[in-house]
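Enquirer: Take a look at entry.txt, compact mmCIF, C-alpha atoms:
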```txt
# COMPACT_ATOMS: atom_id res chain seq x y z
CA MET A 1 18.52 15.09 85.85
CA LYS A 2 19.54 14.34 82.21
CA THR A 3 22.27 16.47 80.67
CA PRO A 4 21.52 18.44 77.46
CA MET A 5 23.78 16.05 75.53
CA VAL A 6 21.78 13.04 76.69
CA GLN A 7 18.51 14.81 75.77
CA ILE A 8 19.87 15.65 72.30
CA GLN A 9 21.00 12.08 71.78
CA GLY A 10 17.59 10.86 72.93
CA ARG A 11 15.79 13.11 70.46
CA LEU A 12 18.14 11.99 67.69
CA SER A 13 17.45 8.37 68.55
CA VAL A 14 13.70 8.97 68.31
CA LYS A 15 14.11 10.75 64.99
CA MET A 16 16.32 7.97 63.67
CA ALA A 17 13.77 5.40 64.77
CA LEU A 18 10.98 7.32 63.03
CA LEU A 19 13.11 7.73 59.91
CA LEU A 20 13.88 4.01 59.83
CA ALA A 21 10.23 3.16 60.36
CA PHE A 22 9.20 5.53 57.57
CA SER A 23 11.83 4.02 55.27
CA SER A 24 10.51 0.55 56.06
CA VAL A 25 6.99 1.65 55.17
CA LEU A 26 8.25 3.05 51.88
CA LEU A 27 10.01 -0.22 51.13
CA LEU A 28 6.84 -2.16 51.84
CA VAL A 29 4.43 0.19 50.10
CA GLY A 30 6.76 1.24 47.32
CA PRO A 31 6.26 -1.85 45.15
CA ALA A 32 2.52 -1.59 45.68
CA LEU A 33 2.53 2.05 44.62
CA ALA A 34 4.86 1.43 41.73
CA GLN A 35 3.08 2.11 38.49
CA SER A 36 2.95 -0.38 35.66
CA PRO A 37 6.11 -0.51 33.51
CA ASP A 38 3.95 0.94 30.73
CA MET A 39 2.58 3.72 32.93
CA SER A 40 4.35 6.89 33.98
CA TYR A 41 3.89 8.31 37.46
CA GLU A 42 1.63 11.02 36.05
CA ASP A 43 -0.53 8.42 34.30
CA TYR A 44 -0.57 6.31 37.45
CA MET A 45 -1.93 9.20 39.52
CA ALA A 46 -4.40 10.17 36.79
CA GLN A 47 -5.63 6.57 36.61
CA LEU A 48 -6.36 6.45 40.34
CA GLN A 49 -7.97 9.89 40.38
CA ALA A 50 -10.24 8.94 37.46
CA CYS A 51 -11.50 5.83 39.22
CA PRO A 52 -15.32 5.85 39.01
CA LYS A 53 -16.95 6.53 42.36
CA GLU A 54 -18.99 3.34 41.98
CA CYS A 55 -15.86 1.22 41.60
CA ARG A 56 -12.69 0.23 43.39
CA CYS A 57 -9.20 0.83 41.97
CA PRO A 58 -6.50 -0.72 44.19
CA PRO A 59 -3.29 1.36 44.24
CA SER A 60 -1.36 -1.90 44.27
CA PHE A 61 -3.02 -2.95 41.00
CA PRO A 62 -3.56 0.31 39.09
CA ASN A 63 -4.51 -1.36 35.81
CA ALA A 64 -7.57 -3.05 37.35
CA VAL A 65 -11.00 -1.51 37.95
CA TYR A 66 -13.47 -3.45 40.11
CA CYS A 67 -17.12 -2.51 39.56
CA ASP A 68 -18.65 -5.92 40.35
CA ASN A 69 -21.62 -6.57 42.65
CA LYS A 70 -22.71 -2.91 42.73
CA ALA A 71 -26.22 -3.19 41.24
CA LEU A 72 -25.06 -0.93 38.41
CA LYS A 73 -27.52 -0.27 35.58
CA ARG A 74 -24.95 1.35 33.32
CA ILE A 75 -21.20 1.15 32.78
CA PRO A 76 -19.42 4.14 34.34
CA THR A 77 -16.74 5.98 32.40
CA ILE A 78 -13.64 3.80 32.58
CA PRO A 79 -10.14 5.33 33.02
CA PRO A 80 -7.81 5.13 29.98
CA HIS A 81 -5.08 2.96 31.51
CA THR A 82 -7.39 0.10 32.53
CA TRP A 83 -6.33 -3.39 31.50
CA TYR A 84 -8.69 -5.49 33.61
CA LEU A 85 -12.33 -4.47 34.04
CA TYR A 86 -14.67 -6.38 36.35
CA LEU A 87 -18.39 -5.64 35.87
CA GLN A 88 -19.94 -9.00 36.74
CA ASN A 89 -23.08 -9.38 38.86
CA ASN A 90 -24.78 -6.10 38.00
CA LEU A 91 -27.94 -4.97 36.20
CA ILE A 92 -26.28 -3.57 33.08
CA ASP A 93 -28.43 -3.88 29.95
CA VAL A 94 -26.38 -1.83 27.47
CA LEU A 95 -22.76 -2.11 26.41
CA SER A 96 -22.19 1.49 25.37
CA THR A 97 -19.49 3.00 23.21
CA ASP A 98 -19.23 6.13 25.38
CA ALA A 99 -18.37 4.32 28.61
CA LEU A 100 -15.43 2.52 27.00
CA ARG A 101 -14.37 5.27 24.63
CA ASN A 102 -11.10 5.99 26.45
CA ALA A 103 -10.37 2.45 27.68
CA THR A 104 -8.59 1.29 24.55
CA GLN A 105 -5.94 -0.64 26.50
CA LEU A 106 -8.38 -3.19 27.89
CA ARG A 107 -7.12 -6.79 27.92
CA TRP A 108 -9.87 -8.41 29.98
CA ILE A 109 -13.58 -7.58 30.45
CA ASN A 110 -15.87 -9.56 32.75
CA LEU A 111 -19.55 -8.82 32.11
CA ASN A 112 -20.94 -12.11 33.42
CA ARG A 113 -24.40 -12.13 34.99
CA ASN A 114 -25.85 -8.89 33.68
CA ARG A 115 -28.87 -8.14 31.46
CA ILE A 116 -27.21 -7.22 28.19
CA THR A 117 -29.28 -8.00 25.09
CA SER A 118 -28.15 -8.12 21.48
CA GLU A 119 -30.05 -4.86 20.96
CA GLY A 120 -28.11 -3.42 23.90
CA MET A 121 -24.75 -4.12 22.22
CA GLU A 122 -24.01 -0.74 20.67
CA GLU A 123 -22.33 -1.04 17.28
CA GLY A 124 -18.58 -0.73 17.57
CA ALA A 125 -18.58 -0.72 21.38
CA LEU A 126 -15.58 -3.06 21.42
CA ALA A 127 -14.08 -2.35 18.01
CA ALA A 128 -11.43 0.01 19.38
CA MET A 129 -10.19 -2.53 21.96
CA LEU A 130 -7.24 -3.64 19.87
CA ARG A 131 -5.58 -5.38 22.82
CA LEU A 132 -8.61 -7.18 24.22
CA VAL A 133 -7.83 -10.87 24.82
CA HIS A 134 -10.61 -12.15 27.12
CA LEU A 135 -14.31 -11.26 26.88
CA TYR A 136 -16.68 -12.82 29.44
CA MET A 137 -20.42 -12.40 28.80
CA ASP A 138 -21.89 -15.54 30.36
CA ASP A 139 -25.40 -15.35 31.83
CA ASN A 140 -26.75 -12.40 29.87
CA LEU A 141 -29.69 -12.07 27.46
CA LEU A 142 -27.92 -12.17 24.09
CA SER A 143 -29.82 -13.73 21.19
CA SER A 144 -26.94 -13.62 18.73
CA VAL A 145 -23.14 -13.76 18.84
CA PRO A 146 -21.94 -10.13 19.01
CA ALA A 147 -20.46 -8.60 15.86
CA ASN A 148 -17.44 -6.32 15.36
CA LEU A 149 -15.27 -8.05 17.93
CA PRO A 150 -11.59 -7.02 18.05
CA SER A 151 -9.13 -9.17 16.12
CA SER A 152 -6.95 -9.54 19.23
CA LEU A 153 -9.55 -11.68 21.02
CA GLU A 154 -8.38 -15.12 22.20
CA GLN A 155 -11.19 -16.27 24.49
CA LEU A 156 -14.92 -15.56 24.08
CA ARG A 157 -17.34 -16.85 26.69
CA LEU A 158 -21.07 -16.57 25.91
CA SER A 159 -22.54 -19.45 27.93
CA ARG A 160 -26.11 -19.41 29.23
CA ASN A 161 -27.51 -16.67 27.05
CA ARG A 162 -30.38 -17.04 24.57
CA ILE A 163 -28.24 -17.32 21.46
CA SER A 164 -29.94 -19.02 18.52
CA LYS A 165 -27.97 -17.39 15.72
CA ILE A 166 -24.33 -17.15 14.69
CA PRO A 167 -24.33 -14.57 11.88
CA ALA A 168 -22.23 -15.40 8.82
CA GLY A 169 -18.89 -13.64 9.00
CA VAL A 170 -19.17 -12.74 12.68
CA PHE A 171 -15.85 -14.48 13.38
CA SER A 172 -14.08 -13.07 10.34
CA GLY A 173 -10.58 -11.92 11.27
CA LEU A 174 -10.61 -13.64 14.66
CA ASP A 175 -7.78 -16.02 13.85
CA ARG A 176 -6.25 -15.60 17.30
CA MET A 177 -9.24 -17.05 19.12
CA THR A 178 -8.51 -20.37 20.79
CA LEU A 179 -11.57 -20.81 23.04
CA LEU A 180 -15.29 -20.37 22.30
CA GLU A 181 -17.87 -21.10 25.02
CA LEU A 182 -21.48 -21.34 23.80
CA GLN A 183 -23.00 -23.87 26.19
CA GLY A 184 -26.50 -23.40 27.53
CA ASN A 185 -27.93 -21.51 24.55
CA LYS A 186 -30.59 -22.26 21.90
CA LEU A 187 -28.42 -23.25 18.97
CA GLN A 188 -29.92 -25.70 16.49
CA ASP A 189 -28.21 -27.70 13.74
CA ASP A 190 -28.57 -25.03 11.05
CA ALA A 191 -26.91 -22.41 13.27
CA VAL A 192 -23.55 -24.19 13.61
CA THR A 193 -22.07 -24.49 10.13
CA GLU A 194 -18.83 -24.02 8.26
CA VAL A 195 -20.09 -20.62 7.11
CA SER A 196 -21.02 -19.40 10.59
CA LEU A 197 -17.67 -20.52 12.10
CA LYS A 198 -15.49 -19.24 9.26
CA GLY A 199 -12.53 -17.28 10.54
CA LEU A 200 -11.73 -19.39 13.60
CA SER A 201 -8.65 -20.93 12.03
CA ASN A 202 -6.83 -21.53 15.32
CA LEU A 203 -9.69 -22.55 17.60
CA VAL A 204 -8.67 -25.21 20.12
CA GLN A 205 -11.74 -25.61 22.35
CA ILE A 206 -15.44 -25.22 21.53
CA ASN A 207 -18.22 -25.89 24.02
CA LEU A 208 -21.67 -26.47 22.50
CA ALA A 209 -23.15 -28.40 25.43
CA LYS A 210 -26.76 -27.84 26.48
CA ASN A 211 -28.05 -26.60 23.16
CA GLN A 212 -30.63 -28.06 20.77
CA LEU A 213 -28.39 -30.04 18.41
CA THR A 214 -29.63 -33.31 16.94
CA THR A 215 -26.64 -33.97 14.68
CA MET A 216 -22.89 -33.55 15.00
CA PRO A 217 -21.96 -29.97 14.08
CA LEU A 218 -20.39 -29.58 10.65
CA GLY A 219 -17.60 -27.31 9.54
CA LEU A 220 -15.67 -27.18 12.81
CA PRO A 221 -12.08 -25.89 12.47
CA ILE A 222 -9.52 -28.68 11.97
CA THR A 223 -7.51 -27.27 14.89
CA ILE A 224 -10.10 -28.37 17.49
CA THR A 225 -8.64 -30.53 20.27
CA GLN A 226 -11.48 -30.22 22.83
CA LEU A 227 -15.05 -30.74 21.65
CA PHE A 228 -17.86 -30.61 24.22
CA LEU A 229 -21.37 -31.63 23.06
CA ASP A 230 -23.01 -32.83 26.28
CA ASN A 231 -26.74 -32.47 26.89
CA ASN A 232 -27.96 -32.28 23.32
CA ALA A 233 -30.16 -34.71 21.36
CA ILE A 234 -27.53 -36.22 19.06
CA GLU A 235 -28.45 -39.71 17.84
CA LYS A 236 -25.58 -40.68 15.56
CA ILE A 237 -22.06 -39.83 14.43
CA PRO A 238 -21.24 -40.07 10.69
CA ALA A 239 -18.61 -42.75 9.96
CA ASP A 240 -16.00 -40.32 8.62
CA TYR A 241 -16.85 -37.41 10.91
CA PHE A 242 -13.50 -37.18 12.67
CA LYS A 243 -11.44 -37.32 9.47
CA GLY A 244 -11.94 -33.58 9.34
CA LEU A 245 -10.92 -33.19 13.00
CA PRO A 246 -7.54 -34.95 13.25
CA LYS A 247 -6.49 -33.28 16.50
CA VAL A 248 -9.44 -34.06 18.78
CA ALA A 249 -8.09 -35.28 22.13
CA PHE A 250 -11.04 -34.65 24.47
CA LEU A 251 -14.53 -35.55 23.29
CA ARG A 252 -17.60 -35.21 25.50
CA LEU A 253 -20.96 -36.55 24.31
CA ASN A 254 -22.59 -37.24 27.67
CA ARG A 255 -26.38 -37.08 27.94
CA ASN A 256 -27.33 -37.45 24.28
CA LYS A 257 -29.38 -40.12 22.49
CA LEU A 258 -26.62 -42.29 21.12
CA GLY A 259 -27.33 -45.98 20.67
CA ASN A 260 -25.23 -48.77 19.16
CA GLY A 261 -26.56 -48.03 15.68
CA GLY A 262 -25.45 -44.42 15.96
CA LEU A 263 -21.79 -45.35 16.40
CA PRO A 264 -20.13 -46.85 13.29
CA LYS A 265 -17.59 -49.53 14.20
CA ASN A 266 -14.39 -47.50 13.77
CA VAL A 267 -15.77 -44.02 14.27
CA PHE A 268 -13.40 -43.35 17.20
CA ASN A 269 -10.34 -44.80 15.46
CA MET A 270 -8.23 -41.67 15.99
CA SER A 271 -4.64 -41.57 17.16
CA SER A 272 -5.19 -38.19 18.84
CA ILE A 273 -8.03 -39.03 21.23
CA LEU A 274 -7.19 -39.39 24.92
CA ASP A 275 -10.50 -38.88 26.76
CA LEU A 276 -13.89 -40.12 25.50
CA GLN A 277 -17.09 -39.50 27.46
CA LEU A 278 -20.35 -41.24 26.43
CA SER A 279 -22.15 -41.33 29.79
CA HIS A 280 -25.96 -41.22 30.02
CA ASN A 281 -26.73 -42.46 26.51
CA GLN A 282 -28.51 -45.56 25.18
CA LEU A 283 -25.60 -47.89 24.48
CA THR A 284 -25.93 -51.62 25.12
CA GLN A 285 -22.38 -52.47 23.99
CA VAL A 286 -18.94 -51.05 24.58
CA PRO A 287 -17.84 -49.30 21.37
CA MET A 288 -14.53 -50.00 19.66
CA ILE A 289 -11.83 -47.72 20.97
CA PRO A 290 -8.34 -46.78 19.72
CA SER A 291 -5.26 -48.08 21.48
CA GLY A 292 -4.14 -44.60 22.54
CA LEU A 293 -7.31 -43.79 24.53
CA GLU A 294 -6.60 -43.26 28.24
CA HIS A 295 -10.01 -42.43 29.79
CA LEU A 296 -13.37 -43.93 28.82
CA HIS A 297 -16.67 -42.92 30.47
CA LEU A 298 -19.60 -45.26 29.71
CA ASP A 299 -21.57 -44.97 32.95
CA HIS A 300 -25.38 -44.87 32.95
CA ASN A 301 -26.03 -46.64 29.67
CA GLN A 302 -27.68 -50.04 29.14
CA ILE A 303 -24.56 -52.18 28.82
CA LYS A 304 -25.03 -55.73 30.14
CA SER A 305 -21.60 -57.27 29.60
CA VAL A 306 -18.05 -56.45 28.58
CA ASN A 307 -16.06 -58.74 26.31
CA GLY A 308 -12.40 -57.81 26.36
CA SER A 309 -11.63 -59.80 23.21
CA ASP A 310 -14.26 -57.90 21.21
CA ILE A 311 -13.22 -54.40 22.21
CA CYS A 312 -9.45 -54.88 22.45
CA PRO A 313 -7.82 -52.50 19.92
CA VAL A 314 -4.83 -54.80 19.30
CA SER A 315 -4.65 -58.38 18.09
CA ALA A 316 -4.16 -61.43 20.28
CA ASP A 317 -0.74 -61.97 18.69
CA ALA A 318 0.29 -58.47 19.68
CA LEU A 319 -0.73 -59.16 23.25
CA GLU A 320 1.44 -62.27 23.34
CA GLY A 321 4.53 -60.22 22.58
CA TYR A 322 3.49 -57.50 25.05
CA VAL A 323 5.47 -54.27 24.71
CA THR A 324 4.54 -51.30 26.89
CA GLU A 325 5.06 -48.76 24.10
CA THR A 326 2.54 -50.42 21.78
CA ALA A 327 0.07 -51.70 24.39
CA PRO A 328 -3.41 -50.14 24.76
CA LYS A 329 -3.13 -47.05 26.97
CA LEU A 330 -6.53 -47.23 28.73
CA ARG A 331 -6.06 -46.31 32.39
CA TYR A 332 -9.56 -45.36 33.57
CA LEU A 333 -12.84 -47.08 32.72
CA ARG A 334 -16.21 -46.12 34.14
CA LEU A 335 -19.12 -48.57 33.77
CA ASP A 336 -21.32 -47.83 36.78
CA GLY A 337 -25.03 -47.29 36.18
CA ASN A 338 -25.16 -50.17 33.67
CA GLU A 339 -26.10 -53.82 34.10
CA VAL A 340 -22.50 -55.00 34.28
CA LYS A 341 -21.75 -57.04 37.40
CA PRO A 342 -18.44 -58.00 39.02
CA PRO A 343 -16.05 -59.73 38.65
CA ILE A 344 -14.08 -57.91 35.98
CA PRO A 345 -13.53 -60.19 32.97
CA ARG A 346 -10.00 -61.60 32.75
CA ASP A 347 -9.73 -60.93 29.01
CA LEU A 348 -10.40 -57.24 29.70
CA MET A 349 -7.47 -57.06 32.07
CA MET A 350 -5.26 -59.07 29.69
CA CYS A 351 -5.87 -56.49 26.96
CA PHE A 352 -5.81 -53.27 28.99
CA ARG A 353 -2.87 -53.99 31.26
CA LEU A 354 -2.36 -50.34 32.16
CA LEU A 355 -5.82 -50.05 33.72
CA ARG A 356 -5.57 -48.50 37.17
CA SER A 357 -9.23 -47.82 37.92
CA ILE A 358 -12.47 -49.50 36.86
CA VAL A 359 -15.76 -48.24 38.27
CA ILE A 360 -18.59 -50.77 38.09
```
Rewrite the structure of this file - the entire thing - as structure tokens.
Expert:
Amino acid sequence: MKTPMVQIQGRLSVKMALLLAFSSVLLLVGPALAQSPDMSYEDYMAQLQACPKECRCPPSFPNAVYCDNKALKRIPTIPPHTWYLYLQNNLIDVLSTDALRNATQLRWINLNRNRITSEGMEEGALAAMLRLVHLYMDDNLLSSVPANLPSSLEQLRLSRNRISKIPAGVFSGLDRMTLLELQGNKLQDDAVTEVSLKGLSNLVQINLAKNQLTTMPLGLPITITQLFLDNNAIEKIPADYFKGLPKVAFLRLNRNKLGNGGLPKNVFNMSSILDLQLSHNQLTQVPMIPSGLEHLHLDHNQIKSVNGSDICPVSADALEGYVTETAPKLRYLRLDGNEVKPPIPRDLMMCFRLLRSIVI
């Protein structure tokens, strides 16, 4: 039979074990329950309690509200301390001012794959979002680029809508925007102009692939480094086109209608360009390339032969006194889908001595 002292010690041991276990749980859960540095405990609790019944608000991530894949037809009222709002894959057709009235701290909104039309964009619905940085509206039914976007916006994604118009002044004041995705729309040459893009003074990447362009877009910001124009009907590039785009490093013109006559001899003579893609066009010759180019995609054209002497961007004398720092930088060359047959010409290898991969 156990003495009272042993029983007391036993009960104390159990209590201590429970206390230690509870403390361990608090240590594990505590960080998850900790509110954002910008959110008091009262705001944290209010945020979780105001979570829409249709959505999910993880206690470990109180600034995020997940309302995706719920077959929603409208946006529920969003709590005021929401930074990240996920509404993709629903049936929403209206972006209403009321639903977002209190959510002025939003940084990120994902509205991809809904049914929002330009008529369904209520005026000023996003105007109060002074901290909004990312707006995703791919795969909707927009016919025009939305107006009254907040000046804080840095990335705007509007791919695969029905956009045929970029209203003049729609980007006014958006000098923080660095990325604009407009691929898979119905933009024609007269829609992409200096007037329609005015305001994007710090834009780095623009994607205009899969539209209805027949000429190179004019009036692009001089800050552009990534220009994507695949799957259009572009036939030629003006000789001095890239003088106004001195920072272009990545240029994609795959699946257009470019032939030899559409590429002036030195059109790509830019010190900034690193990656040039001209696949699936109508070229019969390899175009002249700058010495700093590192990746060249020419697959699926009509090229029959490659003459290294003709396309080498440096002189024969320069090759004789070969110096790595001044040598052509081409490392990857793709020529498959043409009429070029092995072996690889020796003069090509003599010029581009840094080549590591050639696909024929």
Enquirer: Can you pull out the residues contacting Ser96 of chain A? Cut-off 6 Å, using all atoms listed in the file, and skip same-chain residues under 2 positions away; I want them as an MDAnalysis selection string.
Expert: chainID A and resid 94 98:99 122 125
Enquirer: For Leu213 of chain A, which residue among A:Leu355, A:Cys55, A:Ala327, A:Leu253 is the nearest when counting all atoms listed in the file?
Expert: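 Selected residue with least distance to Leu213 of chain A: A:Leu253.
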Enquirer: Neighbours of Asp230 of chain A within 10 Å (all atoms listed in the file; same-chain residues fewer than 6 positions away dropped), as a PDB file with C-alpha atoms, in the frame of the given file?
Expert:
```
ATOM      1  CA  GLN A 183     -23.000 -23.870  26.190  1.00  0.00           C
ATOM      2  CA  ASN A 207     -18.220 -25.890  24.020  1.00  0.00           C
ATOM      3  CA  LEU A 208     -21.670 -26.470  22.500  1.00  0.00           C
ATOM      4  CA  ALA A 209     -23.150 -28.400  25.430  1.00  0.00           C
ATOM      5  CA  LYS A 210     -26.760 -27.840  26.480  1.00  0.00           C
ATOM      6  CA  ASN A 211     -28.050 -26.600  23.160  1.00  0.00           C
ATOM      7  CA  LEU A 213     -28.390 -30.040  18.410  1.00  0.00           C
ATOM      8  CA  LEU A 251     -14.530 -35.550  23.290  1.00  0.00           C
ATOM      9  CA  ARG A 252     -17.600 -35.210  25.500  1.00  0.00           C
ATOM     10  CA  LEU A 253     -20.960 -36.550  24.310  1.00  0.00           C
ATOM     11  CA  ASN A 254     -22.590 -37.240  27.670  1.00  0.00           C
ATOM     12  CA  ARG A 255     -26.380 -37.080  27.940  1.00  0.00           C
ATOM     13  CA  ASN A 256     -27.330 -37.450  24.280  1.00  0.00           C
ATOM     14  CA  GLN A 277     -17.090 -39.500  27.460  1.00  0.00           C
ATOM     15  CA  LEU A 278     -20.350 -41.240  26.430  1.00  0.00           C
ATOM     16  CA  SER A 279     -22.150 -41.330  29.790  1.00  0.00           C
ATOM     17  CA  HIS A 280     -25.960 -41.220  30.020  1.00  0.00           C
TER      18      HIS A 280
END
```
Enquirer: Which residues are near Pro287 of chain A? Cut-off 8 Å, only C-alpha atoms, ignore same chain within fewer than 5 positions. Put them as a list in words.
Expert: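 Final neighbour list, sorted by chain and number: Asn260, Leu263, Lys265 and Ile311 of chain A.
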Enquirer: Please provide the set of residues having any atom within 10 Å of Ile222 of chain A, restricted to only C-alpha atoms, with same-chain residues fewer than 6 positions apart removed, written as a list of chain:residue names.
Expert: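 That gives A:Leu200, A:Ser201, A:Asn202, A:Leu203, A:Val204, A:Phe242, A:Lys243, A:Gly244, A:Leu245, A:Pro246, A:Lys247, A:Val248.
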Enquirer: Using all atoms listed in the file, can you tell me which of A:Ser309, A:Thr215, A:Ser172, A:Gln285 comes closest to Glu339 of chain A?
Expert: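 Result for the nearest residue to Glu339 of chain A: A:Gln285.
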Enquirer: Around the point (-10.0, -44.8, 27.4) in the file's coordinates, collect all residues with an atom within 7 Å, using only C-alpha atoms, and return them as a ChimeraX atom specification.
Expert: /A:274-276,293-296,330-333
Enquirer: May I have the residues from that selection written out with C-alpha atoms, as a compact mmCIF listing (two decimals), in the frame of the given file?
Expert:
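For reference, out_15.txt as written:
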```txt
# COMPACT_ATOMS: atom_id res chain seq x y z
CA LEU A 274 -7.19 -39.39 24.92
CA ASP A 275 -10.50 -38.88 26.76
CA LEU A 276 -13.89 -40.12 25.50
CA LEU A 293 -7.31 -43.79 24.53
CA GLU A 294 -6.60 -43.26 28.24
CA HIS A 295 -10.01 -42.43 29.79
CA LEU A 296 -13.37 -43.93 28.82
CA LEU A 330 -6.53 -47.23 28.73
CA ARG A 331 -6.06 -46.31 32.39
CA TYR A 332 -9.56 -45.36 33.57
CA LEU A 333 -12.84 -47.08 32.72
```
Enquirer: Can you tell me which residues surround segment 144-157 of chain A at a distance of at most 7 Å, considering all atoms listed in the file, apart from same-chain residues fewer than 6 positions away, and format the answer as a ChimeraX atom specification?
Expert: /A:118,124,126-127,129-138,163-166,170,173-174,176-182
Enquirer: As an exercise, work out the distance from atom CA of Gly120 of chain A to atom CA of Pro217 of chain A in Å and give it to one decimal place.
Expert: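 Computing it gives 29.0 Å between the two atoms.
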Enquirer: State, in Å with one decimal place, the distance from atom CA of Ala128 of chain A to atom CA of Asn63 of chain A.
Expert: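 Taking atom CA of Ala128 of chain A as the start and atom CA of Asn63 of chain A as the end point, the length is 17.9 Å.
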Enquirer: Choose the residue, out of A:Glu235, A:Asp347, A:Asp310, A:Glu119, that has the smallest atom-to-atom separation from Leu283 of chain A; count all atoms listed in the file.
Expert: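 Going through A:Glu235, A:Asp347, A:Asp310, A:Glu119 one by one, the smallest distance to Leu283 of chain A is for A:Glu235.
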Enquirer: Between atom CA of Arg160 of chain A and atom CA of Glu194 of chain A, what is the spacing in Å?
Expert: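 So the two atoms, atom CA of Glu194 of chain A and atom CA of Arg160 of chain A, lie 22.7 Å apart.
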